[in-house]
Amino acid sequence: MYGVGYVERMLRRAGIGYVVCVKGNHRFGSWATNPLIAGEAKDIAADLSAQDWRRLSAGHGIKGERLYDWAYLSLADLDAEEFDCPTAGPWTRGLLIRRNTADGDLACFTTWCPKGTTMQELVNVEGARWRVEECFETAKNEFGLDHNETRSWYGWHRHTSLVMPAYAVMASVRYQANSLKPKKTQHRTRQSLSAGPYRKSGVSS
């Protein structure tokens with residue numbers, strides 16, 4: 001989703017950290033940093049040096065690790081009480097930038113997290129988006145998540161509220177079935193097989 005001031009304010013007041021995608025022309029500004037950071041996200045990214053980038057994995061995908069070049073800029077440390085946040089202590093507002101290793105394409109994210117959160121943690125949060133998208137894609141293909149003709153929010157919500165729990169139950173059943181080890185069968189010896197059922201039970205022919 002693209003970051004908007006209203007969404008960010010609501011998340012901060014709820015004490016929820018976030019990594020939210022923004023457009024390249026989204027403006028950022030820092031407080032009490034040296035040097036000061038100000039300008040559009042894409043221009044800030046263009047001014048970064050090679051040492052500012054780190055190659056990190058955003059999670060495991062179908063083709064292996066999702067490796068990108070990442071840069072993170074801390075813009076300000078703010079007291080959570082200023083936002084009526086239930087979690088006390090300093091939180092950091094920042095700019096996270098992802099660069100495609102193949103074509104250099106950029107994606108920018110505004111972040112809000114407890115002070116001391118590592119860049120890898122923020123990358124992991126951003127990478128969780130793919131797992132969410134994969135879940136929705138599976139729910140569409142296997143459970144008909146998008147097979148509805150509702151014309152109101154209530155109808156859509158009821159349909160989704162039925163499909164997603166069904167998907168969750170089936171995912172749990174599959175996980176448990178795959179994790180169970182097959183029971184070992186006892187091999188009967190050649191002597192016991194030749195003896196036959198009557199001899200084994202003590203009944204003579």
# chains A, B, ... in the order shown; residues from 1 in each chain; ligands from 1
call {"tool": "select_by_dssp", "arguments": {"residues": "chain A", "states": "strand (DSSP E)", "output": "ChimeraX atom specification"}}
result
/A:18-22,27-29,38-40,54-61,64-79,90-99,106-114
call {"tool": "write_last_selection", "arguments": {"atoms": "N, CA and C atoms", "output": "compact mmCIF listing (two decimals), in the first residue's frame"}}
result
# COMPACT_ATOMS: atom_id res chain seq x y z
N TYR A 18 5.74 -0.06 11.19
CA TYR A 18 5.32 -0.35 9.81
C TYR A 18 6.46 -0.12 8.83
N VAL A 19 6.31 -0.77 7.67
CA VAL A 19 7.14 -0.53 6.49
C VAL A 19 6.16 -0.35 5.35
N VAL A 20 5.93 0.89 4.95
CA VAL A 20 4.87 1.21 3.99
C VAL A 20 5.48 1.78 2.71
N CYS A 21 5.07 1.22 1.59
CA CYS A 21 5.59 1.65 0.29
C CYS A 21 5.08 3.05 -0.06
N VAL A 22 5.97 3.87 -0.60
CA VAL A 22 5.61 5.22 -1.05
C VAL A 22 6.16 5.42 -2.46
N ARG A 27 8.26 13.03 -0.38
CA ARG A 27 9.29 13.86 0.23
C ARG A 27 9.60 13.41 1.66
N PHE A 28 10.88 13.42 1.99
CA PHE A 28 11.35 13.06 3.32
C PHE A 28 12.23 14.18 3.86
N GLY A 29 12.26 14.32 5.15
CA GLY A 29 13.13 15.29 5.80
C GLY A 29 13.58 14.76 7.15
N ALA A 38 16.96 15.74 3.06
CA ALA A 38 15.73 16.38 2.62
C ALA A 38 15.58 16.21 1.12
N GLY A 39 14.35 15.96 0.68
CA GLY A 39 14.09 15.84 -0.74
C GLY A 39 13.20 14.66 -1.06
N GLU A 40 13.02 14.40 -2.35
CA GLU A 40 12.21 13.27 -2.78
C GLU A 40 12.99 11.98 -2.62
N ARG A 54 23.49 -2.40 1.19
CA ARG A 54 23.80 -3.75 1.67
C ARG A 54 22.92 -4.76 0.94
N ARG A 55 23.51 -5.88 0.54
CA ARG A 55 22.72 -6.92 -0.13
C ARG A 55 22.14 -7.86 0.92
N LEU A 56 20.81 -7.87 0.99
CA LEU A 56 20.11 -8.65 1.99
C LEU A 56 18.99 -9.45 1.35
N SER A 57 18.59 -10.52 2.01
CA SER A 57 17.49 -11.35 1.52
C SER A 57 16.18 -10.89 2.13
N ALA A 58 15.17 -10.78 1.29
CA ALA A 58 13.82 -10.43 1.76
C ALA A 58 12.97 -11.66 1.98
N GLY A 59 13.61 -12.82 2.04
CA GLY A 59 12.87 -14.06 2.27
C GLY A 59 13.10 -15.05 1.15
N HIS A 60 12.66 -16.26 1.37
CA HIS A 60 12.84 -17.34 0.40
C HIS A 60 11.65 -17.37 -0.55
N GLY A 61 11.94 -17.38 -1.85
CA GLY A 61 10.91 -17.43 -2.86
C GLY A 61 10.97 -18.70 -3.67
N GLY A 64 14.41 -19.25 -4.99
CA GLY A 64 15.49 -19.11 -4.01
C GLY A 64 15.36 -17.83 -3.21
N GLU A 65 16.46 -17.38 -2.64
CA GLU A 65 16.45 -16.17 -1.82
C GLU A 65 16.13 -14.94 -2.67
N ARG A 66 15.29 -14.06 -2.13
CA ARG A 66 14.98 -12.81 -2.80
C ARG A 66 16.02 -11.77 -2.39
N LEU A 67 17.08 -11.68 -3.15
CA LEU A 67 18.18 -10.78 -2.82
C LEU A 67 18.03 -9.44 -3.53
N TYR A 68 18.17 -8.38 -2.74
CA TYR A 68 18.14 -7.00 -3.26
C TYR A 68 19.22 -6.20 -2.55
N ASP A 69 19.53 -5.06 -3.12
CA ASP A 69 20.39 -4.10 -2.43
C ASP A 69 19.48 -3.15 -1.63
N TRP A 70 19.84 -2.92 -0.37
CA TRP A 70 19.02 -2.13 0.52
C TRP A 70 19.83 -1.00 1.14
N ALA A 71 19.15 0.11 1.38
CA ALA A 71 19.75 1.24 2.11
C ALA A 71 18.71 1.74 3.10
N TYR A 72 19.18 2.11 4.28
CA TYR A 72 18.27 2.60 5.31
C TYR A 72 18.81 3.89 5.90
N LEU A 73 17.94 4.89 5.99
CA LEU A 73 18.32 6.18 6.54
C LEU A 73 17.42 6.50 7.72
N SER A 74 18.04 6.71 8.88
CA SER A 74 17.30 7.12 10.06
C SER A 74 17.08 8.62 10.00
N LEU A 75 15.82 9.03 10.06
CA LEU A 75 15.49 10.45 9.90
C LEU A 75 15.29 11.17 11.21
N ALA A 76 14.76 10.48 12.22
CA ALA A 76 14.53 11.14 13.50
C ALA A 76 14.16 10.12 14.56
N ASP A 77 14.60 10.37 15.79
CA ASP A 77 14.17 9.59 16.95
C ASP A 77 13.16 10.43 17.71
N LEU A 78 11.95 9.89 17.86
CA LEU A 78 10.86 10.64 18.46
C LEU A 78 10.31 9.90 19.67
N ASP A 79 9.84 10.63 20.64
CA ASP A 79 9.25 10.04 21.83
C ASP A 79 7.84 9.57 21.50
N PRO A 90 11.70 5.75 22.82
CA PRO A 90 11.97 6.37 21.52
C PRO A 90 11.69 5.44 20.34
N TRP A 91 11.06 6.00 19.33
CA TRP A 91 10.81 5.29 18.09
C TRP A 91 11.52 6.06 16.97
N THR A 92 11.86 5.35 15.91
CA THR A 92 12.63 5.95 14.82
C THR A 92 11.81 6.01 13.54
N ARG A 93 11.77 7.19 12.94
CA ARG A 93 11.17 7.35 11.63
C ARG A 93 12.29 7.26 10.60
N GLY A 94 12.09 6.49 9.54
CA GLY A 94 13.18 6.29 8.59
C GLY A 94 12.71 6.09 7.16
N LEU A 95 13.68 5.97 6.29
CA LEU A 95 13.46 5.73 4.86
C LEU A 95 14.22 4.47 4.48
N LEU A 96 13.51 3.48 3.98
CA LEU A 96 14.10 2.22 3.51
C LEU A 96 13.99 2.19 1.99
N ILE A 97 15.10 1.86 1.33
CA ILE A 97 15.12 1.86 -0.13
C ILE A 97 15.58 0.49 -0.62
N ARG A 98 14.85 -0.08 -1.57
CA ARG A 98 15.18 -1.38 -2.16
C ARG A 98 15.59 -1.17 -3.62
N ARG A 99 16.71 -1.74 -4.00
CA ARG A 99 17.19 -1.62 -5.38
C ARG A 99 17.33 -3.00 -6.00
N LEU A 106 14.03 0.95 -8.31
CA LEU A 106 13.94 1.33 -6.91
C LEU A 106 12.53 1.19 -6.36
N ALA A 107 12.44 0.84 -5.10
CA ALA A 107 11.19 0.88 -4.35
C ALA A 107 11.50 1.53 -3.01
N CYS A 108 10.66 2.46 -2.58
CA CYS A 108 10.93 3.24 -1.38
C CYS A 108 9.83 3.00 -0.34
N PHE A 109 10.25 3.02 0.94
CA PHE A 109 9.33 2.71 2.02
C PHE A 109 9.56 3.68 3.18
N THR A 110 8.50 4.20 3.72
CA THR A 110 8.58 4.97 4.95
C THR A 110 8.41 4.00 6.11
N THR A 111 9.24 4.15 7.15
CA THR A 111 9.25 3.18 8.23
C THR A 111 9.06 3.86 9.58
N TRP A 112 8.55 3.08 10.51
CA TRP A 112 8.34 3.53 11.89
C TRP A 112 8.57 2.31 12.78
N CYS A 113 9.57 2.39 13.65
CA CYS A 113 9.94 1.22 14.43
C CYS A 113 10.60 1.64 15.73
N PRO A 114 10.62 0.75 16.72
CA PRO A 114 11.34 1.07 17.97
C PRO A 114 12.81 1.34 17.68
call {"tool": "residues_around", "arguments": {"residues": "A:Ile16", "least_positions_apart": "3", "cutoff": "10 Å", "atoms": "only C-alpha atoms", "output": "PyMOL selection string"}}
result
chain A and resi 8+10-13+85-87+112-114
call {"tool": "write_last_selection", "arguments": {"atoms": "C-alpha atoms", "output": "PDB file, in the first residue's frame"}}
result
ATOM      1  CA  GLU A   8       0.762   6.571   9.402  1.00  0.00           C
ATOM      2  CA  MET A  10      -3.227   5.934  13.116  1.00  0.00           C
ATOM      3  CA  LEU A  11      -0.526   3.241  13.208  1.00  0.00           C
ATOM      4  CA  ARG A  12       1.729   5.372  15.397  1.00  0.00           C
ATOM      5  CA  ARG A  13      -1.040   6.071  17.882  1.00  0.00           C
ATOM      6  CA  CYS A  85       1.480   5.692  21.632  1.00  0.00           C
ATOM      7  CA  PRO A  86       0.808   3.017  24.285  1.00  0.00           C
ATOM      8  CA  THR A  87       4.405   1.740  23.936  1.00  0.00           C
ATOM      9  CA  TRP A 112       8.342   3.528  11.889  1.00  0.00           C
ATOM     10  CA  CYS A 113       9.941   1.217  14.426  1.00  0.00           C
ATOM     11  CA  PRO A 114      11.338   1.068  17.967  1.00  0.00           C
TER      12      PRO A 114
END
call {"tool": "atom_distance", "arguments": {"atom1": "atom CA of A:His159", "atom2": "atom CA of A:Ser172"}}
result
20.5 Å
call {"tool": "atom_distance", "arguments": {"atom1": "atom CA of A:Asp84", "atom2": "atom CA of A:Ala32"}}
result
22.4 Å
call {"tool": "select_by_dssp", "arguments": {"residues": "stretch 84-197 of chain A", "states": "alpha helix (DSSP H)", "output": "NGL selection string"}}
result
:A and (119-143 or 153-179 or 190-197)
call {"tool": "residues_around", "arguments": {"residues": "A:Phe136", "least_positions_apart": "4", "cutoff": "8 Å", "atoms": "only C-alpha atoms", "output": "PyMOL selection string"}}
result
chain A and resi 132+140+145
call {"tool": "atom_distance", "arguments": {"atom1": "atom CA of A:Gly104", "atom2": "atom CA of A:Val125"}}
result
21.3 Å
call {"tool": "decode", "arguments": {"residues": "stretch 112-126 of chain A", "atoms": "N, CA and C atoms", "output": "PDB file, in the first residue's frame"}}
result
ATOM      1  N   TRP A 112       8.551   3.083  10.510  1.00  0.00           N
ATOM      2  CA  TRP A 112       8.342   3.528  11.889  1.00  0.00           C
ATOM      3  C   TRP A 112       8.570   2.314  12.775  1.00  0.00           C
ATOM      4  N   CYS A 113       9.565   2.392  13.651  1.00  0.00           N
ATOM      5  CA  CYS A 113       9.941   1.217  14.426  1.00  0.00           C
ATOM      6  C   CYS A 113      10.600   1.640  15.735  1.00  0.00           C
ATOM      7  N   PRO A 114      10.621   0.753  16.724  1.00  0.00           N
ATOM      8  CA  PRO A 114      11.338   1.068  17.967  1.00  0.00           C
ATOM      9  C   PRO A 114      12.815   1.344  17.676  1.00  0.00           C
ATOM     10  N   LYS A 115      13.385   2.282  18.405  1.00  0.00           N
ATOM     11  CA  LYS A 115      14.786   2.630  18.191  1.00  0.00           C
ATOM     12  C   LYS A 115      15.663   1.397  18.397  1.00  0.00           C
ATOM     13  N   GLY A 116      16.612   1.211  17.489  1.00  0.00           N
ATOM     14  CA  GLY A 116      17.498   0.058  17.566  1.00  0.00           C
ATOM     15  C   GLY A 116      17.099  -1.080  16.655  1.00  0.00           C
ATOM     16  N   THR A 117      15.953  -0.971  15.995  1.00  0.00           N
ATOM     17  CA  THR A 117      15.533  -2.001  15.041  1.00  0.00           C
ATOM     18  C   THR A 117      16.540  -2.066  13.897  1.00  0.00           C
ATOM     19  N   THR A 118      16.978  -3.251  13.552  1.00  0.00           N
ATOM     20  CA  THR A 118      17.984  -3.400  12.504  1.00  0.00           C
ATOM     21  C   THR A 118      17.356  -3.308  11.118  1.00  0.00           C
ATOM     22  N   MET A 119      18.219  -3.035  10.133  1.00  0.00           N
ATOM     23  CA  MET A 119      17.728  -2.975   8.765  1.00  0.00           C
ATOM     24  C   MET A 119      17.221  -4.344   8.308  1.00  0.00           C
ATOM     25  N   GLN A 120      17.868  -5.426   8.753  1.00  0.00           N
ATOM     26  CA  GLN A 120      17.409  -6.756   8.367  1.00  0.00           C
ATOM     27  C   GLN A 120      15.997  -7.021   8.873  1.00  0.00           C
ATOM     28  N   GLU A 121      15.675  -6.538  10.066  1.00  0.00           N
ATOM     29  CA  GLU A 121      14.313  -6.703  10.582  1.00  0.00           C
ATOM     30  C   GLU A 121      13.308  -5.970   9.713  1.00  0.00           C
ATOM     31  N   LEU A 122      13.649  -4.763   9.284  1.00  0.00           N
ATOM     32  CA  LEU A 122      12.755  -4.006   8.418  1.00  0.00           C
ATOM     33  C   LEU A 122      12.610  -4.691   7.064  1.00  0.00           C
ATOM     34  N   VAL A 123      13.701  -5.253   6.554  1.00  0.00           N
ATOM     35  CA  VAL A 123      13.655  -5.985   5.281  1.00  0.00           C
ATOM     36  C   VAL A 123      12.754  -7.216   5.421  1.00  0.00           C
ATOM     37  N   ASN A 124      12.843  -7.897   6.557  1.00  0.00           N
ATOM     38  CA  ASN A 124      11.986  -9.066   6.777  1.00  0.00           C
ATOM     39  C   ASN A 124      10.512  -8.684   6.782  1.00  0.00           C
ATOM     40  N   VAL A 125      10.199  -7.533   7.384  1.00  0.00           N
ATOM     41  CA  VAL A 125       8.817  -7.056   7.402  1.00  0.00           C
ATOM     42  C   VAL A 125       8.341  -6.777   5.982  1.00  0.00           C
ATOM     43  N   GLU A 126       9.170  -6.105   5.195  1.00  0.00           N
ATOM     44  CA  GLU A 126       8.793  -5.798   3.818  1.00  0.00           C
ATOM     45  C   GLU A 126       8.627  -7.073   3.007  1.00  0.00           C
TER      46      GLU A 126
END
